[in-house]
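Listing of start-v3.txt, compact mmCIF, C-alpha atoms
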# COMPACT_ATOMS: atom_id res chain seq x y z
CA MET F 1 2.36 -22.18 27.92
CA SER F 2 -1.05 -20.84 26.92
CA ARG F 3 -0.89 -17.20 25.84
CA THR F 4 -3.51 -14.48 25.50
CA ARG F 5 -3.57 -12.96 22.00
CA ILE F 6 -5.30 -10.25 20.01
CA HIS F 7 -5.27 -10.36 16.21
CA ASN F 8 -6.38 -8.23 13.27
CA LEU F 9 -7.58 -5.34 15.44
CA SER F 10 -7.92 -2.63 12.80
CA ILE F 11 -7.76 1.01 13.80
CA SER F 12 -7.80 4.35 12.04
CA LEU F 13 -4.91 6.83 12.27
CA ASP F 14 -6.74 8.52 15.11
CA GLY F 15 -7.17 5.23 16.95
CA PHE F 16 -10.80 4.30 16.35
CA ALA F 17 -11.61 0.60 15.93
CA ALA F 18 -15.22 1.22 14.93
CA GLY F 19 -17.17 4.25 13.81
CA GLU F 20 -20.03 6.08 15.47
CA GLY F 21 -23.60 4.86 15.07
CA GLN F 22 -23.23 1.08 15.23
CA SER F 23 -26.44 -0.78 14.42
CA GLU F 24 -27.59 -4.04 12.89
CA GLU F 25 -27.47 -2.41 9.44
CA THR F 26 -24.14 -0.66 10.07
CA PRO F 27 -22.10 -2.93 12.36
CA MET F 28 -19.04 -0.65 12.15
CA GLY F 29 -20.99 2.62 12.23
CA HIS F 30 -19.91 5.39 9.88
CA ALA F 31 -16.60 3.57 9.29
CA GLY F 32 -18.42 1.15 6.98
CA GLN F 33 -15.96 -1.42 5.60
CA ARG F 34 -13.04 0.99 5.49
CA LEU F 35 -11.23 -0.49 8.50
CA HIS F 36 -11.38 -4.05 7.18
CA ARG F 37 -11.07 -3.69 3.41
CA TRP F 38 -7.41 -4.78 3.68
CA MET F 39 -8.55 -8.07 5.27
CA PHE F 40 -11.42 -8.79 2.90
CA ALA F 41 -8.89 -8.49 0.05
CA THR F 42 -6.83 -11.39 1.46
CA ASP F 43 -7.31 -15.11 0.93
CA PHE F 44 -8.10 -15.37 4.68
CA GLY F 45 -10.79 -12.70 4.52
CA THR F 46 -12.23 -13.89 1.23
CA ARG F 47 -12.66 -17.46 2.49
CA MET F 48 -14.27 -16.15 5.69
CA MET F 49 -16.93 -14.62 3.45
CA GLY F 50 -17.32 -17.88 1.51
CA GLY F 51 -15.39 -16.78 -1.58
CA ASP F 52 -11.89 -17.30 -2.91
CA GLY F 53 -9.20 -15.59 -4.97
CA GLY F 54 -7.89 -13.24 -2.29
CA SER F 55 -4.31 -12.02 -2.02
CA THR F 56 -1.66 -14.33 -0.55
CA GLY F 57 1.05 -11.86 0.53
CA VAL F 58 2.06 -10.54 3.93
CA ASP F 59 -1.41 -9.12 4.77
CA ASP F 60 -2.85 -12.60 4.26
CA ALA F 61 -0.12 -14.39 6.19
CA VAL F 62 -0.50 -12.08 9.17
CA ALA F 63 -4.30 -12.12 9.08
CA HIS F 64 -4.33 -15.91 9.06
CA ARG F 65 -2.48 -16.09 12.39
CA HIS F 66 -5.86 -15.16 13.92
CA GLU F 67 -6.74 -18.88 13.59
CA LEU F 68 -3.59 -20.64 14.65
CA GLY F 69 -3.32 -22.34 18.03
CA ILE F 70 -6.47 -20.78 19.48
CA GLY F 71 -8.54 -22.83 21.94
CA SER F 72 -11.16 -20.26 22.95
CA GLU F 73 -12.20 -16.64 22.46
CA ILE F 74 -13.42 -13.88 24.75
CA MET F 75 -15.44 -11.08 23.15
CA GLY F 76 -17.24 -8.01 24.42
CA ALA F 77 -21.01 -7.62 24.20
CA ASN F 78 -20.58 -5.03 21.42
CA LYS F 79 -18.90 -7.57 19.17
CA PHE F 80 -21.62 -10.20 19.61
CA GLY F 81 -24.43 -8.00 18.38
CA PRO F 82 -25.75 -4.50 17.73
CA PRO F 83 -26.90 -2.33 20.64
CA GLY F 84 -29.98 -4.00 22.16
CA TRP F 85 -29.25 -7.61 21.14
CA GLN F 86 -29.81 -8.59 24.77
CA ASP F 87 -33.52 -7.84 24.25
CA ASP F 88 -33.76 -10.34 21.39
CA PRO F 89 -33.88 -13.93 22.71
CA ASP F 90 -33.30 -15.27 19.17
CA TRP F 91 -30.08 -13.35 18.47
CA THR F 92 -27.21 -15.80 17.91
CA GLY F 93 -24.51 -13.41 16.65
CA TRP F 94 -23.65 -11.89 13.26
CA TRP F 95 -22.13 -15.00 11.77
CA GLY F 96 -24.95 -17.34 10.68
CA ASP F 97 -25.35 -21.02 11.63
CA ASN F 98 -21.66 -21.88 11.36
CA PRO F 99 -19.64 -19.04 12.92
CA PRO F 100 -15.94 -18.77 12.05
CA PHE F 101 -14.72 -19.53 15.58
CA HIS F 102 -15.01 -23.32 15.96
CA THR F 103 -14.14 -23.09 19.69
CA PRO F 104 -15.88 -22.03 22.88
CA VAL F 105 -16.53 -18.26 22.78
CA PHE F 106 -17.14 -16.32 26.00
CA VAL F 107 -19.29 -13.22 25.55
CA LEU F 108 -18.94 -10.64 28.35
CA THR F 109 -22.33 -9.18 29.17
CA HIS F 110 -24.19 -7.92 32.22
CA ARG F 111 -27.22 -9.87 30.99
CA PRO F 112 -26.01 -13.44 30.55
CA ARG F 113 -28.18 -16.14 28.98
CA ALA F 114 -27.88 -19.93 28.47
CA PRO F 115 -25.08 -21.20 26.20
CA ILE F 116 -25.81 -21.50 22.47
CA GLU F 117 -24.30 -24.40 20.55
CA MET F 118 -23.74 -23.59 16.89
CA ALA F 119 -22.60 -25.74 13.97
CA GLY F 120 -18.87 -26.23 13.40
CA GLY F 121 -17.82 -26.39 17.05
CA THR F 122 -18.60 -22.83 18.13
CA VAL F 123 -20.37 -22.63 21.50
CA PHE F 124 -21.30 -19.17 22.79
CA HIS F 125 -21.15 -18.83 26.59
CA PHE F 126 -22.27 -15.64 28.35
CA LEU F 127 -20.39 -14.34 31.39
CA ASP F 128 -21.02 -11.43 33.72
CA VAL F 129 -17.56 -11.35 35.33
CA PRO F 130 -14.48 -9.08 35.25
CA PRO F 131 -11.92 -9.63 32.44
CA ALA F 132 -9.35 -11.45 34.60
CA GLU F 133 -11.98 -13.91 35.79
CA ALA F 134 -13.26 -14.49 32.26
CA LEU F 135 -9.70 -15.26 31.26
CA VAL F 136 -9.43 -18.02 33.85
CA VAL F 137 -12.60 -19.61 32.50
CA ALA F 138 -11.56 -19.22 28.85
CA ARG F 139 -8.08 -20.55 29.56
CA ASP F 140 -9.54 -23.61 31.17
CA ALA F 141 -11.74 -24.16 28.11
CA ALA F 142 -8.83 -23.70 25.69
CA GLY F 143 -7.33 -27.12 26.42
CA GLY F 144 -3.73 -25.88 26.54
CA LEU F 145 -4.07 -23.73 23.44
CA ASP F 146 -4.08 -19.91 23.43
CA VAL F 147 -6.99 -17.62 24.30
CA ARG F 148 -7.94 -14.93 21.79
CA ILE F 149 -9.41 -11.63 22.93
CA GLY F 150 -11.69 -11.03 19.98
CA GLY F 151 -12.59 -7.39 20.62
CA GLY F 152 -14.11 -4.92 20.26
CA ALA F 153 -11.69 -2.18 21.11
CA THR F 154 -13.16 -1.48 24.54
CA THR F 155 -12.77 -5.09 25.59
CA ALA F 156 -9.31 -5.31 24.04
CA GLY F 157 -8.32 -2.13 25.89
CA TYR F 158 -9.45 -3.57 29.25
CA PHE F 159 -7.29 -6.64 28.80
CA ILE F 160 -4.27 -4.66 27.54
CA ALA F 161 -4.52 -2.14 30.41
CA ALA F 162 -4.75 -5.01 32.90
CA GLY F 163 -1.48 -6.45 31.55
CA LEU F 164 -3.19 -9.67 30.49
CA VAL F 165 -2.21 -9.67 26.80
CA ASP F 166 0.89 -11.54 25.60
CA HIS F 167 0.58 -10.79 21.88
CA LEU F 168 -1.19 -7.86 20.25
CA HIS F 169 -1.55 -7.39 16.50
CA LEU F 170 -2.92 -4.04 15.36
CA VAL F 171 -3.54 -2.98 11.78
CA GLN F 172 -3.47 0.73 11.19
CA VAL F 173 -5.49 1.96 8.22
CA PRO F 174 -4.57 5.43 6.87
CA ILE F 175 -7.92 7.11 7.38
CA VAL F 176 -9.05 9.63 10.00
CA LEU F 177 -12.43 8.50 11.39
CA GLY F 178 -12.89 11.37 13.81
CA ARG F 179 -15.35 9.58 16.10
CA GLY F 180 -16.34 6.13 17.25
CA VAL F 181 -14.87 3.53 19.60
CA ARG F 182 -11.34 4.54 20.54
CA LEU F 183 -8.64 2.04 21.48
CA TRP F 184 -5.90 4.09 23.15
CA ASP F 185 -7.61 5.68 26.15
CA GLY F 186 -5.94 4.59 29.39
CA LEU F 187 -3.09 2.78 27.64
CA GLU F 188 -0.23 5.27 28.24
CA GLY F 189 3.10 3.47 28.09
CA MET F 190 1.54 0.11 27.16
CA GLU F 191 4.47 -0.53 24.78
CA SER F 192 6.87 -1.08 27.68
CA GLY F 193 7.37 -4.76 28.32
CA TYR F 194 6.73 -5.63 24.67
CA ASP F 195 8.95 -6.11 21.67
CA VAL F 196 7.35 -3.95 19.00
CA GLU F 197 7.54 -4.60 15.27
CA VAL F 198 6.11 -2.21 12.68
CA VAL F 199 5.71 -3.23 9.03
CA SER F 200 3.78 -1.41 6.32
CA THR F 201 2.53 -3.37 3.32
CA PRO F 202 1.59 -2.44 -0.25
CA SER F 203 -2.12 -2.34 0.61
CA GLY F 204 -1.35 0.82 2.59
CA VAL F 205 -1.89 -0.60 6.06
CA THR F 206 0.71 -0.92 8.82
CA HIS F 207 0.94 -4.06 10.93
CA LEU F 208 2.05 -3.43 14.51
CA THR F 209 2.87 -6.46 16.63
CA PHE F 210 3.52 -6.25 20.36
CA THR F 211 5.03 -9.43 21.79
CA ARG F 212 5.61 -9.67 25.51
CA ARG F 213 9.32 -9.77 26.29
CA ALA F 214 10.59 -12.75 28.28
CA GLU F 215 11.10 -11.70 31.92
CA MET S 1 3.64 26.83 -8.16
CA SER S 2 4.43 27.49 -4.52
CA ARG S 3 3.10 24.77 -2.22
CA THR S 4 2.38 24.61 1.50
CA ARG S 5 4.21 21.74 3.21
CA ILE S 6 4.54 20.09 6.58
CA HIS S 7 7.54 17.87 7.32
CA ASN S 8 8.82 15.61 10.08
CA LEU S 9 5.74 16.03 12.26
CA SER S 10 6.28 13.19 14.73
CA ILE S 11 3.32 11.71 16.56
CA SER S 12 2.72 8.85 18.96
CA LEU S 13 0.40 5.95 18.17
CA ASP S 14 -2.35 7.80 19.98
CA GLY S 15 -1.74 10.95 17.96
CA PHE S 16 0.15 13.23 20.34
CA ALA S 17 2.85 15.47 18.82
CA ALA S 18 4.11 16.65 22.20
CA GLY S 19 3.67 15.48 25.77
CA GLU S 20 2.00 17.16 28.70
CA GLY S 21 3.90 19.69 30.84
CA GLN S 22 5.89 21.61 28.22
CA SER S 23 8.39 24.04 29.78
CA GLU S 24 11.78 25.59 29.04
CA GLU S 25 13.44 22.56 30.66
CA THR S 26 11.12 20.01 29.01
CA PRO S 27 10.19 21.43 25.57
CA MET S 28 8.28 18.25 24.65
CA GLY S 29 6.77 17.67 28.08
CA HIS S 30 6.69 14.11 29.41
CA ALA S 31 7.42 12.80 25.89
CA GLY S 32 11.06 13.83 26.34
CA GLN S 33 13.04 12.97 23.20
CA ARG S 34 11.02 9.86 22.41
CA LEU S 35 9.12 11.40 19.49
CA HIS S 36 12.27 12.63 17.76
CA ARG S 37 14.89 10.00 18.54
CA TRP S 38 14.45 8.61 15.01
CA MET S 39 15.44 12.03 13.58
CA PHE S 40 18.38 12.69 15.87
CA ALA S 41 19.80 9.33 14.72
CA THR S 42 19.93 10.55 11.09
CA ASP S 43 22.64 12.56 9.35
CA PHE S 44 20.09 15.38 9.00
CA GLY S 45 19.29 15.43 12.71
CA THR S 46 22.88 14.95 13.83
CA ARG S 47 24.10 17.91 11.76
CA MET S 48 21.24 20.03 13.07
CA MET S 49 22.70 19.44 16.53
CA GLY S 50 26.22 20.29 15.33
CA GLY S 51 27.50 16.72 15.15
CA ASP S 52 28.01 14.15 12.42
CA GLY S 53 27.96 10.42 11.83
CA GLY S 54 24.19 9.97 11.62
CA SER S 55 22.40 7.35 9.52
CA THR S 56 21.96 7.91 5.79
CA GLY S 57 19.05 5.60 4.95
CA VAL S 58 15.41 6.31 4.22
CA ASP S 59 14.74 8.09 7.55
CA ASP S 60 17.52 10.53 6.70
CA ALA S 61 16.44 11.07 3.10
CA VAL S 62 12.87 11.80 4.13
CA ALA S 63 13.87 14.00 7.07
CA HIS S 64 16.12 16.08 4.83
CA ARG S 65 13.22 17.06 2.57
CA HIS S 66 12.29 19.46 5.39
CA GLU S 67 14.94 21.80 3.94
CA LEU S 68 14.43 21.54 0.21
CA GLY S 69 12.74 24.31 -1.73
CA ILE S 70 11.44 26.17 1.32
CA GLY S 71 11.23 29.98 1.16
CA SER S 72 9.58 30.74 4.50
CA GLU S 73 8.06 29.09 7.55
CA ILE S 74 4.97 29.67 9.67
CA MET S 75 5.04 28.39 13.25
CA GLY S 76 2.69 28.54 16.20
CA ALA S 77 3.54 30.41 19.40
CA ASN S 78 4.05 27.09 21.21
CA LYS S 79 6.88 26.14 18.87
CA PHE S 80 8.73 29.43 19.30
CA GLY S 81 9.08 29.17 23.05
CA PRO S 82 7.83 27.66 26.29
CA PRO S 83 4.58 28.88 27.87
CA GLY S 84 5.13 32.52 28.91
CA TRP S 85 7.88 33.44 26.41
CA GLN S 86 5.78 36.48 25.46
CA ASP S 87 6.63 37.94 28.88
CA ASP S 88 10.38 37.74 28.22
CA PRO S 89 11.49 40.55 25.86
CA ASP S 90 14.88 38.83 25.37
CA TRP S 91 13.49 35.44 24.20
CA THR S 92 14.67 34.78 20.63
CA GLY S 93 13.60 31.14 20.26
CA TRP S 94 15.12 27.78 21.23
CA TRP S 95 17.74 27.67 18.52
CA GLY S 96 20.63 29.97 19.53
CA ASP S 97 22.14 32.78 17.43
CA ASN S 98 21.97 30.90 14.13
CA PRO S 99 18.62 29.09 13.94
CA PRO S 100 18.25 26.26 11.42
CA PHE S 101 15.66 28.04 9.27
CA HIS S 102 17.70 30.51 7.14
CA THR S 103 14.48 32.10 5.80
CA PRO S 104 11.80 34.44 7.09
CA VAL S 105 9.81 32.72 9.85
CA PHE S 106 6.34 33.94 10.80
CA VAL S 107 5.36 33.25 14.41
CA LEU S 108 1.60 33.31 15.09
CA THR S 109 0.93 35.00 18.41
CA HIS S 110 -1.71 37.23 19.94
CA ARG S 111 1.11 39.36 21.37
CA PRO S 112 3.27 40.31 18.39
CA ARG S 113 6.60 42.13 18.77
CA ALA S 114 9.14 43.71 16.39
CA PRO S 115 10.96 41.39 13.96
CA ILE S 116 14.19 39.75 15.16
CA GLU S 117 17.00 39.30 12.68
CA MET S 118 19.21 36.34 13.51
CA ALA S 119 22.47 35.11 11.97
CA GLY S 120 22.32 32.84 8.94
CA GLY S 121 19.34 34.48 7.23
CA THR S 122 16.59 33.65 9.74
CA VAL S 123 14.29 36.59 10.49
CA PHE S 124 11.48 36.04 13.01
CA HIS S 125 8.31 38.01 12.28
CA PHE S 126 5.35 38.00 14.66
CA LEU S 127 1.79 37.99 13.35
CA ASP S 128 -1.58 38.16 15.06
CA VAL S 129 -3.69 37.03 12.10
CA PRO S 130 -5.70 33.94 11.09
CA PRO S 131 -3.82 31.06 9.39
CA ALA S 132 -5.04 31.83 5.86
CA GLU S 133 -3.88 35.43 6.16
CA ALA S 134 -0.50 34.39 7.56
CA LEU S 135 -0.13 32.11 4.57
CA VAL S 136 -0.57 35.01 2.15
CA VAL S 137 2.18 36.94 3.93
CA ALA S 138 4.51 33.94 4.15
CA ARG S 139 3.91 33.01 0.51
CA ASP S 140 4.83 36.52 -0.54
CA ALA S 141 8.04 36.30 1.50
CA ALA S 142 8.94 32.87 0.06
CA GLY S 143 10.03 34.30 -3.31
CA GLY S 144 8.34 31.60 -5.36
CA LEU S 145 9.54 28.74 -3.15
CA ASP S 146 7.31 26.67 -0.86
CA VAL S 147 5.97 27.65 2.56
CA ARG S 148 6.56 25.25 5.42
CA ILE S 149 4.10 25.00 8.31
CA GLY S 150 6.57 24.28 11.07
CA GLY S 151 4.15 23.19 13.79
CA GLY S 152 3.33 22.53 16.55
CA ALA S 153 0.50 20.13 16.12
CA THR S 154 -2.23 22.64 16.92
CA THR S 155 -1.01 25.02 14.24
CA ALA S 156 -0.50 22.16 11.76
CA GLY S 157 -4.03 20.97 12.51
CA TYR S 158 -5.51 24.41 11.79
CA PHE S 159 -3.88 24.54 8.37
CA ILE S 160 -4.80 20.93 7.51
CA ALA S 161 -8.43 21.43 8.59
CA ALA S 162 -8.60 24.62 6.50
CA GLY S 163 -7.52 22.66 3.42
CA LEU S 164 -4.39 24.79 3.04
CA VAL S 165 -1.77 22.01 3.09
CA ASP S 166 -0.47 20.48 -0.17
CA HIS S 167 2.02 18.04 1.32
CA LEU S 168 1.97 16.51 4.79
CA HIS S 169 4.68 14.24 6.15
CA LEU S 170 3.92 12.53 9.46
CA VAL S 171 6.21 10.19 11.35
CA GLN S 172 4.48 7.79 13.65
CA VAL S 173 6.51 6.51 16.57
CA PRO S 174 5.30 3.28 18.23
CA ILE S 175 4.72 4.64 21.72
CA VAL S 176 1.49 5.50 23.54
CA LEU S 177 1.90 8.93 25.17
CA GLY S 178 -1.56 9.08 26.72
CA ARG S 179 -1.67 12.88 27.05
CA GLY S 180 -0.29 16.04 25.51
CA VAL S 181 -0.94 17.97 22.31
CA ARG S 182 -3.11 15.91 19.98
CA LEU S 183 -3.01 16.25 16.21
CA TRP S 184 -6.16 14.52 14.97
CA ASP S 185 -9.01 16.46 16.59
CA GLY S 186 -11.24 18.02 13.94
CA LEU S 187 -9.54 16.26 11.02
CA GLU S 188 -12.14 13.59 10.18
CA GLY S 189 -11.76 12.51 6.57
CA MET S 190 -8.70 14.69 5.96
CA GLU S 191 -7.19 11.90 3.84
CA SER S 192 -9.68 12.53 1.03
CA GLY S 193 -8.13 14.61 -1.71
CA TYR S 194 -4.65 13.29 -0.94
CA ASP S 195 -2.56 10.45 -2.31
CA VAL S 196 -1.40 8.62 0.80
CA GLU S 197 1.82 6.64 1.07
CA VAL S 198 2.75 4.63 4.15
CA VAL S 199 6.26 3.24 4.66
CA SER S 200 7.76 1.76 7.81
CA THR S 201 11.53 1.78 8.25
CA PRO S 202 13.97 -0.32 10.32
CA SER S 203 14.12 2.34 13.05
CA GLY S 204 10.56 1.34 13.92
CA VAL S 205 8.83 4.51 12.73
CA THR S 206 6.27 4.80 9.95
CA HIS S 207 6.42 7.62 7.42
CA LEU S 208 3.03 8.76 6.18
CA THR S 209 2.97 11.22 3.28
CA PHE S 210 -0.19 12.93 2.09
CA THR S 211 0.22 14.62 -1.28
CA ARG S 212 -2.65 16.63 -2.67
CA ARG S 213 -4.07 14.98 -5.77
CA ALA S 214 -4.17 17.02 -8.95
CA GLU S 215 -7.70 18.33 -9.50
Translate this structure into structure tokens?
Amino acid sequence: MSRTRIHNLSISLDGFAAGEGQSEETPMGHAGQRLHRWMFATDFGTRMMGGDGGSTGVDDAVAHRHELGIGSEIMGANKFGPPGWQDDPDWTGWWGDNPPFHTPVFVLTHRPRAPIEMAGGTVFHFLDVPPAEALVVARDAAGGLDVRIGGGATTAGYFIAAGLVDHLHLVQVPIVLGRGVRLWDGLEGMESGYDVEVVSTPSGVTHLTFTRRAE
Amino acid sequence: MSRTRIHNLSISLDGFAAGEGQSEETPMGHAGQRLHRWMFATDFGTRMMGGDGGSTGVDDAVAHRHELGIGSEIMGANKFGPPGWQDDPDWTGWWGDNPPFHTPVFVLTHRPRAPIEMAGGTVFHFLDVPPAEALVVARDAAGGLDVRIGGGATTAGYFIAAGLVDHLHLVQVPIVLGRGVRLWDGLEGMESGYDVEVVSTPSGVTHLTFTRRAE
């Protein structure tokens, strides 16, 4: 049974998943790296940046689940590039020649373009369709594996609100960002129907996992 | 050194400390008891309600600190009574003849009235002054002990934003309330200047303590 999953979605105490003022120079706006420092300290995050020597505790184990059993990803336009990337025909994402996805990736945008085949198995496809429709396409491309909703928070929120997410992993970082892209709007009562587990770790973050209860 | 402390301030994942629609029948609005179930399950909370047999683990130990070393409390008008209590000359708070404070309590309201002396050492005083001024009065009444800011969230937020709080204990409950009285507005960056500790417990809540760093 192919599931729809969200992993490593980091939010501030006040529920922001990115800061204000996102640009090519400041992809997370005024949040800087503060929301993801916990991840870049892990073996998973360190390797993603081409290094090694990261931590191998619970933060790392949980972060690494991002990779496991995923056959395709759906991401919002705001994750693929800074505001205005649609005007740059040469933009191929933040991640260089060999992006860390290694699957088909479906980018939701009102200005779709032709697919881009990258090294390492990542192929970016561009879709101008509602979330539920994108999920059908991504599921089909996943070859029986799970579909990851890669973010950002607005896209994740759409899928959660629509009841399409089977597994949600949030990481709460103990900072108050004050402004930016907020996750929680429109999600009142979203916890119902999920088993919820909450675990804090020595890095100071709290992992919240929502797993859809069997009917 | 007398400190200013906040304890057991329970908030939802989206930062609401009370629901929408607060009234005499529904003091926490549509949140019901969901924000405080963790506390009513503890020995501390059970005794507060006149019972016994509550849990005696970490939730209880942390909840109980609410009582220790406190010489007076400041609370907002919304904690003292439901909307409109100022129109009822007989309203003496939610807590019966012997309220669980046992110290002077300063209620911030634009419509002050004469002090009310209750059983068990609680005296309600009513002040129409800014937070910093109320703190001077409450500190003086605390006899060298600490001053507790009793809430609600709006009042707590005022004192936190003004830099007047030395110790803040939040309890995050894994529910999304969607609407109500929000804590975080205006508190961007409030974590700076504090040592922050984050600990989840088996009840599913997360205790966050902010302790002002020595200068």
Residue with smallest distance to F:Met1 - pool F:Gly144, F:Leu164, F:Arg179, F:Val173, counting only C-alpha atoms | F:Gly144
Per residue of chain F within 8 Å of chain S, note the shortest atom pair and the distance in Å to one decimal, counting only C-alpha atoms, and order the rows by chain and increasing residue number, as a tab-separated table.
residue	atom	partner	partner_atom	distance
F:Leu13	CA	S:Gly15	CA	7.7
F:Asp14	CA	S:Trp184	CA	6.0
F:Gly15	CA	S:Asp14	CA	6.2
F:Pro174	CA	S:Val196	CA	7.6
F:Ile175	CA	S:Glu191	CA	6.0
F:Val176	CA	S:Glu188	CA	5.0
F:Leu177	CA	S:Glu188	CA	5.2
F:Gly178	CA	S:Glu188	CA	4.3
F:Arg179	CA	S:Glu188	CA	7.8
F:Trp184	CA	S:Asp14	CA	6.0
F:Asp185	CA	S:Gly178	CA	7.0
F:Gly186	CA	S:Gly178	CA	6.8
F:Leu187	CA	S:Gly178	CA	6.5
F:Glu188	CA	S:Gly178	CA	4.3
F:Gly189	CA	S:Val176	CA	5.2
F:Met190	CA	S:Val176	CA	6.5
F:Glu191	CA	S:Ile175	CA	6.0
F:Val196	CA	S:Pro174	CA	7.6
F:Glu197	CA	S:Gly204	CA	6.8
F:Val198	CA	S:Gly204	CA	5.8
F:Val199	CA	S:Ser200	CA	5.5
F:Ser200	CA	S:Ser200	CA	5.3
F:Thr201	CA	S:Val199	CA	7.7
F:Gly204	CA	S:Val198	CA	5.8
F:Val205	CA	S:Val198	CA	7.2
F:Thr206	CA	S:Val198	CA	7.5
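For the atom pair formed by atom CA of S:Ala114 and atom CA of S:Ala18, the distance is 28.1 Å, given to one decimal.
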Please provide as a PyMOL selection string all residues within 6 Å of S:Ala41, with the sequence filter that same-chain residues fewer than 2 positions apart are discarded (counting only C-alpha atoms).
-> chain S and resi 38-39+54
Shortest interatomic distance to F:Trp95 - which of F:Gly50, F:Gly32, F:Gly163, F:Pro130, counting only C-alpha atoms | F:Gly50
When you draw a straight line from atom CA of S:Arg5 to atom CA of S:Ile149, how long is it in Å?
-> 6.1 Å
Please provide as a ChimeraX atom specification all residues within 9 Å of S:Asp97, with the sequence filter that same-chain residues fewer than 6 positions apart are discarded (counting all atoms listed in the file).
-> /S:118-120
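Atom CA of S:Ala132 sits 21.0 Å away from atom CA of S:Ala214.
Residues in contact with S:Met48 at up to 12 Å, not including ones fewer than 3 positions away on its chain and judged by only C-alpha atoms, are Met39, Phe40, Ala41, Thr42, Asp43, Phe44, Gly45, Gly51, Asp52, Gly53, Gly54, Ala63, His64, His66, Glu67, Trp95, Gly96, Asn98, Pro99, Pro100 and Phe101 of chain S.
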Once you have the residues from the selection above, write them out as a short mmCIF file (atom, residue, chain, number, x, y, z; two decimals), in the frame of the given file, restricted to C-alpha atoms.
data_model
loop_
_atom_site.label_atom_id
_atom_site.label_comp_id
_atom_site.auth_asym_id
_atom_site.auth_seq_id
_atom_site.Cartn_x
_atom_site.Cartn_y
_atom_site.Cartn_z
CA MET S 39 15.44 12.03 13.58
CA PHE S 40 18.38 12.69 15.87
CA ALA S 41 19.80 9.33 14.72
CA THR S 42 19.93 10.55 11.09
CA ASP S 43 22.64 12.56 9.35
CA PHE S 44 20.09 15.38 9.00
CA GLY S 45 19.29 15.43 12.71
CA GLY S 51 27.50 16.72 15.15
CA ASP S 52 28.01 14.15 12.42
CA GLY S 53 27.96 10.42 11.83
CA GLY S 54 24.19 9.97 11.62
CA ALA S 63 13.87 14.00 7.07
CA HIS S 64 16.12 16.08 4.83
CA HIS S 66 12.29 19.46 5.39
CA GLU S 67 14.94 21.80 3.94
CA TRP S 95 17.74 27.67 18.52
CA GLY S 96 20.63 29.97 19.53
CA ASN S 98 21.97 30.90 14.13
CA PRO S 99 18.62 29.09 13.94
CA PRO S 100 18.25 26.26 11.42
CA PHE S 101 15.66 28.04 9.27
#
So which residues fall inside 10 Å of (-8.5, -19.1, 29.8) if we count only C-alpha atoms? Mind giving them as number ranges by chain?
-> F: 2-4, 71-74, 106, 132-148
